[in-house]
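This is final.tsv (TSV, N, CA and C atoms).
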```tsv
chain	number	residue	atom	x	y	z
A	24	MET	N	24.82	85.60	103.17
A	24	MET	CA	26.22	85.59	103.55
A	24	MET	C	26.32	85.33	105.04
A	25	GLY	N	27.29	84.59	105.44
A	25	GLY	CA	27.52	84.29	106.84
A	25	GLY	C	28.90	84.74	107.26
A	26	THR	N	29.17	84.63	108.55
A	26	THR	CA	30.45	85.08	109.09
A	26	THR	C	30.92	84.12	110.18
A	27	PHE	N	32.19	83.78	110.13
A	27	PHE	CA	32.83	83.06	111.22
A	27	PHE	C	33.43	84.11	112.15
A	28	VAL	N	33.21	83.96	113.45
A	28	VAL	CA	33.76	84.89	114.43
A	28	VAL	C	34.58	84.09	115.44
A	29	ILE	N	35.88	84.34	115.46
A	29	ILE	CA	36.79	83.67	116.40
A	29	ILE	C	36.87	84.53	117.66
A	30	SER	N	36.76	83.88	118.81
A	30	SER	CA	36.87	84.61	120.08
A	30	SER	C	37.63	83.75	121.09
A	31	LYS	N	37.97	84.37	122.19
A	31	LYS	CA	38.72	83.69	123.25
A	31	LYS	C	37.81	83.54	124.45
A	32	ARG	N	37.76	82.34	125.00
A	32	ARG	CA	36.97	82.09	126.20
A	32	ARG	C	37.70	82.61	127.43
A	33	ASP	N	37.00	82.70	128.55
A	33	ASP	CA	37.60	83.18	129.79
A	33	ASP	C	38.77	82.32	130.25
A	34	ASN	N	38.74	81.02	129.91
A	34	ASN	CA	39.81	80.11	130.34
A	34	ASN	C	41.02	80.13	129.40
A	35	GLY	N	41.00	80.99	128.37
A	35	GLY	CA	42.13	81.11	127.45
A	35	GLY	C	42.00	80.28	126.19
A	36	ASP	N	41.02	79.39	126.13
A	36	ASP	CA	40.80	78.59	124.93
A	36	ASP	C	40.12	79.44	123.86
A	37	TYR	N	40.19	78.95	122.63
A	37	TYR	CA	39.58	79.65	121.50
A	37	TYR	C	38.36	78.88	121.01
A	38	LYS	N	37.42	79.60	120.43
A	38	LYS	CA	36.24	79.00	119.82
A	38	LYS	C	35.82	79.89	118.66
A	39	PHE	N	34.90	79.40	117.85
A	39	PHE	CA	34.33	80.26	116.83
A	39	PHE	C	32.85	79.94	116.68
A	40	ILE	N	32.14	80.92	116.16
A	40	ILE	CA	30.74	80.72	115.84
A	40	ILE	C	30.57	80.97	114.35
A	41	PHE	N	29.50	80.44	113.80
A	41	PHE	CA	29.09	80.81	112.46
A	41	PHE	C	27.76	81.52	112.62
A	42	ALA	N	27.69	82.76	112.14
A	42	ALA	CA	26.49	83.58	112.31
A	42	ALA	C	25.94	84.00	110.96
A	43	THR	N	24.63	84.24	110.92
A	43	THR	CA	23.97	84.73	109.71
A	43	THR	C	24.34	86.19	109.49
A	44	ARG	N	23.96	86.71	108.36
A	44	ARG	CA	24.25	88.12	108.07
A	44	ARG	C	23.52	89.05	109.03
A	45	ARG	N	22.48	88.53	109.67
A	45	ARG	CA	21.74	89.33	110.66
A	45	ARG	C	22.32	89.17	112.07
A	46	GLY	N	23.38	88.37	112.21
A	46	GLY	CA	24.04	88.21	113.50
A	46	GLY	C	23.52	87.07	114.35
A	47	LYS	N	22.62	86.25	113.85
A	47	LYS	CA	22.07	85.12	114.61
A	47	LYS	C	23.06	83.95	114.55
A	48	THR	N	23.46	83.44	115.69
A	48	THR	CA	24.39	82.31	115.73
A	48	THR	C	23.71	81.05	115.22
A	49	ILE	N	24.37	80.36	114.29
A	49	ILE	CA	23.85	79.10	113.77
A	49	ILE	C	24.51	77.94	114.52
A	50	PHE	N	25.86	77.99	114.65
A	50	PHE	CA	26.53	76.96	115.43
A	50	PHE	C	27.76	77.52	116.11
A	51	THR	N	28.19	76.79	117.16
A	51	THR	CA	29.37	77.15	117.95
A	51	THR	C	30.32	75.97	117.97
A	52	SER	N	31.59	76.23	117.78
A	52	SER	CA	32.59	75.16	117.79
A	52	SER	C	32.90	74.72	119.21
A	53	ILE	N	33.61	73.61	119.31
A	53	ILE	CA	34.16	73.19	120.58
A	53	ILE	C	35.35	74.10	120.89
A	54	SER	N	35.92	73.99	122.07
A	54	SER	CA	37.08	74.81	122.46
A	54	SER	C	38.37	74.23	121.91
A	55	TYR	N	39.29	75.12	121.59
A	55	TYR	CA	40.61	74.74	121.10
A	55	TYR	C	41.67	75.50	121.89
A	56	LYS	N	42.81	74.86	122.12
A	56	LYS	CA	43.92	75.51	122.84
A	56	LYS	C	44.62	76.54	121.95
A	57	GLN	N	44.66	76.29	120.64
A	57	GLN	CA	45.36	77.17	119.71
A	57	GLN	C	44.39	77.82	118.74
A	58	LYS	N	44.58	79.10	118.48
A	58	LYS	CA	43.74	79.81	117.51
A	58	LYS	C	43.92	79.20	116.11
A	59	SER	N	45.10	78.71	115.83
A	59	SER	CA	45.37	78.11	114.51
A	59	SER	C	44.47	76.90	114.25
A	60	ASP	N	44.08	76.18	115.31
A	60	ASP	CA	43.16	75.05	115.15
A	60	ASP	C	41.79	75.54	114.68
A	61	CYS	N	41.33	76.66	115.22
A	61	CYS	CA	40.07	77.26	114.76
A	61	CYS	C	40.19	77.64	113.29
A	62	GLU	N	41.28	78.28	112.94
A	62	GLU	CA	41.47	78.72	111.56
A	62	GLU	C	41.52	77.54	110.58
A	63	LYS	N	42.16	76.46	111.00
A	63	LYS	CA	42.23	75.27	110.14
A	63	LYS	C	40.84	74.65	109.94
A	64	LEU	N	40.07	74.56	111.01
A	64	LEU	CA	38.74	73.98	110.90
A	64	LEU	C	37.82	74.86	110.05
A	65	ILE	N	37.91	76.16	110.22
A	65	ILE	CA	37.12	77.07	109.39
A	65	ILE	C	37.48	76.86	107.92
A	66	GLY	N	38.77	76.77	107.63
A	66	GLY	CA	39.21	76.50	106.26
A	66	GLY	C	38.67	75.19	105.74
A	67	GLY	N	38.66	74.16	106.59
A	67	GLY	CA	38.11	72.87	106.21
A	67	GLY	C	36.63	72.94	105.90
A	68	PHE	N	35.89	73.67	106.75
A	68	PHE	CA	34.46	73.87	106.49
A	68	PHE	C	34.25	74.58	105.16
A	69	GLN	N	35.04	75.61	104.90
A	69	GLN	CA	34.85	76.40	103.69
A	69	GLN	C	35.20	75.63	102.43
A	70	GLN	N	36.23	74.81	102.49
A	70	GLN	CA	36.70	74.13	101.28
A	70	GLN	C	36.06	72.76	101.07
A	71	HIS	N	35.70	72.07	102.14
A	71	HIS	CA	35.22	70.69	102.01
A	71	HIS	C	34.05	70.42	102.94
A	72	PHE	N	33.05	71.28	102.97
A	72	PHE	CA	31.94	71.11	103.89
A	72	PHE	C	31.24	69.76	103.71
A	73	GLU	N	31.23	69.26	102.50
A	73	GLU	CA	30.55	68.00	102.21
A	73	GLU	C	31.19	66.80	102.92
A	74	LEU	N	32.41	66.94	103.41
A	74	LEU	CA	33.09	65.85	104.11
A	74	LEU	C	32.70	65.73	105.59
A	75	PHE	N	31.98	66.71	106.09
A	75	PHE	CA	31.59	66.72	107.50
A	75	PHE	C	30.19	66.12	107.66
A	76	ALA	N	30.02	65.35	108.71
A	76	ALA	CA	28.71	64.72	108.98
A	76	ALA	C	27.83	65.68	109.76
A	77	ILE	N	26.56	65.71	109.41
A	77	ILE	CA	25.57	66.50	110.13
A	77	ILE	C	24.60	65.53	110.79
A	78	THR	N	24.56	65.56	112.11
A	78	THR	CA	23.66	64.70	112.87
A	78	THR	C	22.53	65.54	113.43
A	79	LYS	N	21.30	65.20	113.07
A	79	LYS	CA	20.13	65.95	113.54
A	79	LYS	C	19.62	65.29	114.81
A	80	ILE	N	19.31	66.11	115.81
A	80	ILE	CA	18.94	65.60	117.13
A	80	ILE	C	17.72	66.37	117.65
A	81	ARG	N	16.86	65.64	118.36
A	81	ARG	CA	15.76	66.26	119.09
A	81	ARG	C	15.98	65.94	120.56
A	82	ASN	N	16.09	66.98	121.40
A	82	ASN	CA	16.37	66.74	122.81
A	82	ASN	C	15.09	66.41	123.58
A	83	ALA	N	15.24	66.11	124.86
A	83	ALA	CA	14.10	65.71	125.69
A	83	ALA	C	13.06	66.82	125.83
A	84	GLY	N	13.49	68.06	125.68
A	84	GLY	CA	12.56	69.19	125.77
A	84	GLY	C	11.82	69.47	124.47
A	85	GLY	N	12.09	68.67	123.45
A	85	GLY	CA	11.41	68.85	122.17
A	85	GLY	C	12.08	69.82	121.22
A	86	LYS	N	13.24	70.34	121.58
A	86	LYS	CA	13.98	71.27	120.71
A	86	LYS	C	14.85	70.47	119.75
A	87	TYR	N	15.07	71.05	118.58
A	87	TYR	CA	15.89	70.43	117.55
A	87	TYR	C	17.23	71.14	117.45
A	88	PHE	N	18.29	70.39	117.18
A	88	PHE	CA	19.59	70.97	116.90
A	88	PHE	C	20.39	69.97	116.09
A	89	PHE	N	21.54	70.39	115.61
A	89	PHE	CA	22.39	69.47	114.85
A	89	PHE	C	23.83	69.61	115.32
A	90	ARG	N	24.59	68.58	115.02
A	90	ARG	CA	26.02	68.56	115.34
A	90	ARG	C	26.80	68.36	114.05
A	91	LEU	N	27.93	69.04	113.98
A	91	LEU	CA	28.86	68.83	112.87
A	91	LEU	C	30.02	68.00	113.40
A	92	SER	N	30.35	66.94	112.69
A	92	SER	CA	31.43	66.06	113.14
A	92	SER	C	32.23	65.54	111.96
A	93	LYS	N	33.38	65.00	112.28
A	93	LYS	CA	34.24	64.36	111.27
A	93	LYS	C	34.87	63.16	111.94
A	94	ASP	N	34.74	62.03	111.30
A	94	ASP	CA	35.29	60.76	111.82
A	94	ASP	C	34.82	60.48	113.25
A	95	GLY	N	33.58	60.81	113.55
A	95	GLY	CA	33.00	60.54	114.85
A	95	GLY	C	33.33	61.55	115.93
A	96	PHE	N	34.14	62.55	115.61
A	96	PHE	CA	34.54	63.57	116.58
A	96	PHE	C	33.67	64.81	116.40
A	97	ILE	N	32.93	65.18	117.44
A	97	ILE	CA	32.02	66.33	117.37
A	97	ILE	C	32.85	67.61	117.36
A	98	LEU	N	32.61	68.46	116.36
A	98	LEU	CA	33.36	69.70	116.19
A	98	LEU	C	32.55	70.94	116.52
A	99	ALA	N	31.21	70.86	116.38
A	99	ALA	CA	30.36	72.03	116.63
A	99	ALA	C	28.93	71.59	116.93
A	100	ASN	N	28.24	72.42	117.70
A	100	ASN	CA	26.83	72.21	118.02
A	100	ASN	C	26.04	73.43	117.57
A	101	SER	N	24.87	73.18	117.02
A	101	SER	CA	24.04	74.29	116.56
A	101	SER	C	23.24	74.88	117.70
A	102	ARG	N	22.62	76.00	117.42
A	102	ARG	CA	21.66	76.58	118.35
A	102	ARG	C	20.44	75.69	118.39
A	103	LYS	N	19.55	75.90	119.31
A	103	LYS	CA	18.32	75.11	119.43
A	103	LYS	C	17.23	75.74	118.56
A	104	TYR	N	16.46	74.89	117.90
A	104	TYR	CA	15.36	75.32	117.04
A	104	TYR	C	14.05	74.77	117.58
A	105	THR	N	12.96	75.50	117.39
A	105	THR	CA	11.66	75.05	117.89
A	105	THR	C	11.01	74.01	116.99
A	106	THR	N	11.37	74.01	115.69
A	106	THR	CA	10.78	73.03	114.77
A	106	THR	C	11.88	72.40	113.92
A	107	GLU	N	11.57	71.24	113.40
A	107	GLU	CA	12.52	70.56	112.52
A	107	GLU	C	12.74	71.36	111.24
A	108	LEU	N	11.68	72.00	110.74
A	108	LEU	CA	11.80	72.80	109.52
A	108	LEU	C	12.78	73.96	109.70
A	109	LEU	N	12.74	74.63	110.83
A	109	LEU	CA	13.69	75.71	111.10
A	109	LEU	C	15.12	75.18	111.17
A	110	MET	N	15.30	74.00	111.78
A	110	MET	CA	16.62	73.40	111.84
A	110	MET	C	17.13	73.10	110.44
A	111	LEU	N	16.27	72.53	109.59
A	111	LEU	CA	16.67	72.22	108.21
A	111	LEU	C	17.03	73.50	107.44
A	112	LYS	N	16.31	74.59	107.71
A	112	LYS	CA	16.65	75.87	107.08
A	112	LYS	C	18.03	76.33	107.53
A	113	GLY	N	18.35	76.13	108.80
A	113	GLY	CA	19.68	76.49	109.31
A	113	GLY	C	20.77	75.68	108.65
A	114	ILE	N	20.54	74.39	108.46
A	114	ILE	CA	21.51	73.52	107.80
A	114	ILE	C	21.70	73.97	106.35
A	115	ASN	N	20.61	74.26	105.66
A	115	ASN	CA	20.69	74.71	104.27
A	115	ASN	C	21.44	76.04	104.17
A	116	GLU	N	21.21	76.90	105.13
A	116	GLU	CA	21.88	78.21	105.13
A	116	GLU	C	23.39	78.06	105.26
A	117	ILE	N	23.84	77.21	106.17
A	117	ILE	CA	25.29	77.05	106.31
A	117	ILE	C	25.90	76.39	105.08
A	118	ALA	N	25.22	75.39	104.54
A	118	ALA	CA	25.75	74.71	103.35
A	118	ALA	C	25.89	75.70	102.19
A	119	GLN	N	24.97	76.63	102.10
A	119	GLN	CA	24.97	77.60	101.02
A	119	GLN	C	25.98	78.73	101.23
A	120	HIS	N	26.15	79.18	102.48
A	120	HIS	CA	26.94	80.39	102.72
A	120	HIS	C	28.34	80.17	103.30
A	121	ILE	N	28.66	78.98	103.77
A	121	ILE	CA	29.98	78.76	104.36
A	121	ILE	C	31.13	79.00	103.38
A	122	PRO	N	31.04	78.55	102.13
A	122	PRO	CA	32.20	78.73	101.25
A	122	PRO	C	32.65	80.19	101.08
A	123	ALA	N	31.73	81.13	101.10
A	123	ALA	CA	32.08	82.54	100.89
A	123	ALA	C	32.07	83.37	102.18
A	124	ALA	N	31.92	82.72	103.31
A	124	ALA	CA	31.83	83.45	104.59
A	124	ALA	C	33.14	84.14	104.93
A	125	GLU	N	33.02	85.34	105.49
A	125	GLU	CA	34.22	86.03	105.94
A	125	GLU	C	34.58	85.56	107.35
A	126	VAL	N	35.82	85.78	107.75
A	126	VAL	CA	36.29	85.38	109.07
A	126	VAL	C	36.70	86.63	109.84
A	127	LEU	N	36.10	86.81	111.00
A	127	LEU	CA	36.45	87.92	111.88
A	127	LEU	C	37.14	87.37	113.12
A	128	ASP	N	38.22	87.99	113.52
A	128	ASP	CA	38.99	87.53	114.68
A	128	ASP	C	38.87	88.54	115.81
A	129	PHE	N	38.10	88.20	116.84
A	129	PHE	CA	37.97	89.04	118.02
A	129	PHE	C	38.64	88.39	119.23
A	130	SER	N	39.63	87.56	118.98
A	130	SER	CA	40.24	86.80	120.06
A	130	SER	C	41.29	87.58	120.85
A	131	GLU	N	41.77	88.68	120.31
A	131	GLU	CA	42.83	89.41	121.00
A	131	GLU	C	42.30	90.36	122.06
A	132	ASN	N	40.98	90.58	122.08
A	132	ASN	CA	40.35	91.45	123.07
A	132	ASN	C	40.90	92.88	123.05
A	133	ASP	N	41.43	93.29	121.92
A	133	ASP	CA	41.90	94.67	121.79
A	133	ASP	C	40.69	95.57	121.60
A	134	SER	N	40.53	96.51	122.48
A	134	SER	CA	39.41	97.43	122.39
A	134	SER	C	39.71	98.51	121.35
A	135	ILE	N	38.73	98.83	120.55
A	135	ILE	CA	38.90	99.90	119.57
A	135	ILE	C	38.51	101.25	120.16
A	136	PHE	N	38.01	101.22	121.39
A	136	PHE	CA	37.57	102.44	122.06
A	136	PHE	C	38.58	102.84	123.13
A	137	PRO	N	38.75	104.15	123.35
A	137	PRO	CA	39.66	104.58	124.42
A	137	PRO	C	39.07	104.23	125.79
A	138	GLU	N	39.92	104.20	126.79
A	138	GLU	CA	39.48	103.92	128.16
A	138	GLU	C	38.47	104.97	128.61
A	139	ALA	N	37.47	104.58	129.36
A	139	ALA	CA	36.42	105.48	129.82
A	139	ALA	C	36.98	106.63	130.64
A	140	ASP	N	37.99	106.35	131.47
A	140	ASP	CA	38.59	107.41	132.29
A	140	ASP	C	39.14	108.53	131.43
A	141	LEU	N	39.76	108.18	130.33
A	141	LEU	CA	40.32	109.20	129.44
A	141	LEU	C	39.23	110.02	128.77
A	142	VAL	N	38.18	109.36	128.32
A	142	VAL	CA	37.09	110.06	127.64
A	142	VAL	C	36.40	111.03	128.58
A	143	PHE	N	36.07	110.56	129.77
A	143	PHE	CA	35.33	111.40	130.70
A	143	PHE	C	36.21	112.48	131.33
A	144	ALA	N	37.50	112.23	131.45
A	144	ALA	CA	38.40	113.27	131.96
A	144	ALA	C	38.48	114.42	130.99
A	145	GLU	N	38.52	114.12	129.68
A	145	GLU	CA	38.55	115.17	128.67
A	145	GLU	C	37.25	115.96	128.66
A	146	THR	N	36.12	115.28	128.86
A	146	THR	CA	34.83	115.95	128.88
A	146	THR	C	34.71	116.88	130.09
A	147	GLU	N	35.18	116.42	131.24
A	147	GLU	CA	35.13	117.25	132.46
A	147	GLU	C	36.00	118.49	132.31
A	148	GLU	N	37.17	118.35	131.67
A	148	GLU	CA	38.06	119.48	131.47
A	148	GLU	C	37.45	120.49	130.53
A	149	ALA	N	36.74	120.00	129.51
A	149	ALA	CA	36.12	120.89	128.54
A	149	ALA	C	34.95	121.67	129.15
A	150	ASN	N	34.31	121.09	130.16
A	150	ASN	CA	33.16	121.74	130.81
A	150	ASN	C	33.56	122.77	131.87
A	151	LYS	N	34.85	122.84	132.20
A	151	LYS	CA	35.32	123.78	133.24
A	151	LYS	C	35.46	125.17	132.69
```
Written form, structure tokens:
Amino acid sequence: MGTFVISKRDNGDYKFIFATRRGKTIFTSISYKQKSDCEKLIGGFQQHFELFAITKIRNAGGKYFFRLSKDGFILANSRKYTTELLMLKGINEIAQHIPAAEVLDFSENDSIFPEADLVFAETEEANK
């Protein structure tokens, strides 16, 4: 099982990654101005992955990676792999797990934890 994780970049743009169940990033999308664009592309990957082109590349340093594109427009780049076999395993993993992948949205930067000042102030008061 894999997971799409939507997040917000420092410049305000949105991006998403596709990660394995162990949390290893397989690929990262390009930046988008609207979160809805990320959501639409994720939906497209999940429903029609076979329509996207996968280009396998070996860089000058000897590392392997792939790009996902549609109509010549690059939409995502994979992580770097040390061997072609590992890259092919990554491609097979996404093809197999994308349709059922869950989507997590961490783009709002809402912390689920209280502010540190509040936590430590309560602790100091309890120790008095």
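If you measure from each of A:Leu91, A:Ala99, A:Leu64, A:Leu109 to Val126 (chain A) using only C-alpha atoms, the closest one turns out to be A:Leu64.
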Show me, as CSV, the residues of region 46-123 of chain A having an atom within 8 Å of region 25-28 of chain A, each with the closest atom pair and its distance in Å, using all atoms listed in the file.
```
residue,atom,partner,partner_atom,distance
A:Gly46,N,A:Thr26,N,7.8
A:Ile65,CA,A:Phe27,CA,7.6
A:Glu116,C,A:Gly25,N,7.6
A:Ile117,CA,A:Gly25,CA,7.6
A:Gln119,C,A:Gly25,N,7.3
A:His120,CA,A:Gly25,N,5.0
A:Ile121,N,A:Gly25,N,6.0
A:Pro122,N,A:Gly25,N,7.8
A:Ala123,C,A:Gly25,N,5.9
```
Same residues, N, CA and C atoms, output as a JSON list (two decimals), in the frame of the given file:
```json
[["chain", "number", "residue", "atom", "x", "y", "z"],
["A", 46, "GLY", "N", 23.38, 88.37, 112.21],
["A", 46, "GLY", "CA", 24.04, 88.21, 113.50],
["A", 46, "GLY", "C", 23.52, 87.07, 114.35],
["A", 65, "ILE", "N", 37.91, 76.16, 110.22],
["A", 65, "ILE", "CA", 37.12, 77.07, 109.39],
["A", 65, "ILE", "C", 37.48, 76.86, 107.92],
["A", 116, "GLU", "N", 21.21, 76.90, 105.13],
["A", 116, "GLU", "CA", 21.88, 78.21, 105.13],
["A", 116, "GLU", "C", 23.39, 78.06, 105.26],
["A", 117, "ILE", "N", 23.84, 77.21, 106.17],
["A", 117, "ILE", "CA", 25.29, 77.05, 106.31],
["A", 117, "ILE", "C", 25.90, 76.39, 105.08],
["A", 119, "GLN", "N", 24.97, 76.63, 102.10],
["A", 119, "GLN", "CA", 24.97, 77.60, 101.02],
["A", 119, "GLN", "C", 25.98, 78.73, 101.23],
["A", 120, "HIS", "N", 26.15, 79.18, 102.48],
["A", 120, "HIS", "CA", 26.94, 80.39, 102.72],
["A", 120, "HIS", "C", 28.34, 80.17, 103.30],
["A", 121, "ILE", "N", 28.66, 78.98, 103.77],
["A", 121, "ILE", "CA", 29.98, 78.76, 104.36],
["A", 121, "ILE", "C", 31.13, 79.00, 103.38],
["A", 122, "PRO", "N", 31.04, 78.55, 102.13],
["A", 122, "PRO", "CA", 32.20, 78.73, 101.25],
["A", 122, "PRO", "C", 32.65, 80.19, 101.08],
["A", 123, "ALA", "N", 31.73, 81.13, 101.10],
["A", 123, "ALA", "CA", 32.08, 82.54, 100.89],
["A", 123, "ALA", "C", 32.07, 83.37, 102.18]]
```
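Distance check against Thr43 (chain A) using only N, CA and C atoms: of A:Cys61, A:Met24, A:Leu74, A:Ile80, the minimum falls on A:Met24.
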(request) Would you kindly return, as a VMD selection string, each protein, DNA or RNA residue with an atom no farther than 5 Å from any atom of Ser52 (chain A), considering all atoms listed in the file and excluding same-chain residues fewer than 4 positions away? (result) chain A and resid 39 to 40 98 to 99
(request) Can you work out which one of A:Ala118, A:Leu141, A:Leu111, A:Ala124 has the shortest atom-to-atom distance to Glu73 (chain A), counting only N, CA and C atoms? (result) A:Ala118
(request) Could you jot down the CA of Phe41 (chain A) to CA of Gly67 (chain A) separation for me, Å, one decimal place? (result)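 The value is 13.5 Å.
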(request) Just list the residues in chain A DSSP gives helix (DSSP H, G or I) on the backbone, as number ranges by chain. (result) A: 58-74, 107-123, 139-150
(request) Please report, as number ranges by chain, each residue of region 55-134 of chain A to which DSSP assigns strand (DSSP E or B) when run on this structure's backbone. (result) A: 55, 76-81, 87-93, 96-101, 104, 125-128
(message) Just to confirm, what's the straight-line distance from atom C of Arg90 (chain A) to atom C of Arg102 (chain A) in Å (one decimal)?
(response)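 According to the coordinates, atom C of Arg90 (chain A) and atom C of Arg102 (chain A) are separated by 10.6 Å.
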(request) Identify which of the residues A:Tyr37, A:Phe129, A:Tyr104, A:Phe72 lies closest to Tyr55 (chain A), counting only N, CA and C atoms when measuring atom-to-atom distances. (result)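 Residue with the minimum atom-to-atom distance to Tyr55 (chain A): A:Tyr37.
Minimum atom-to-atom distances from A:Asp140, A:Glu125, A:Ser130, A:Ile114 to Ile29 (chain A) were compared using only N, CA and C atoms, and the lowest value belongs to A:Ser130.
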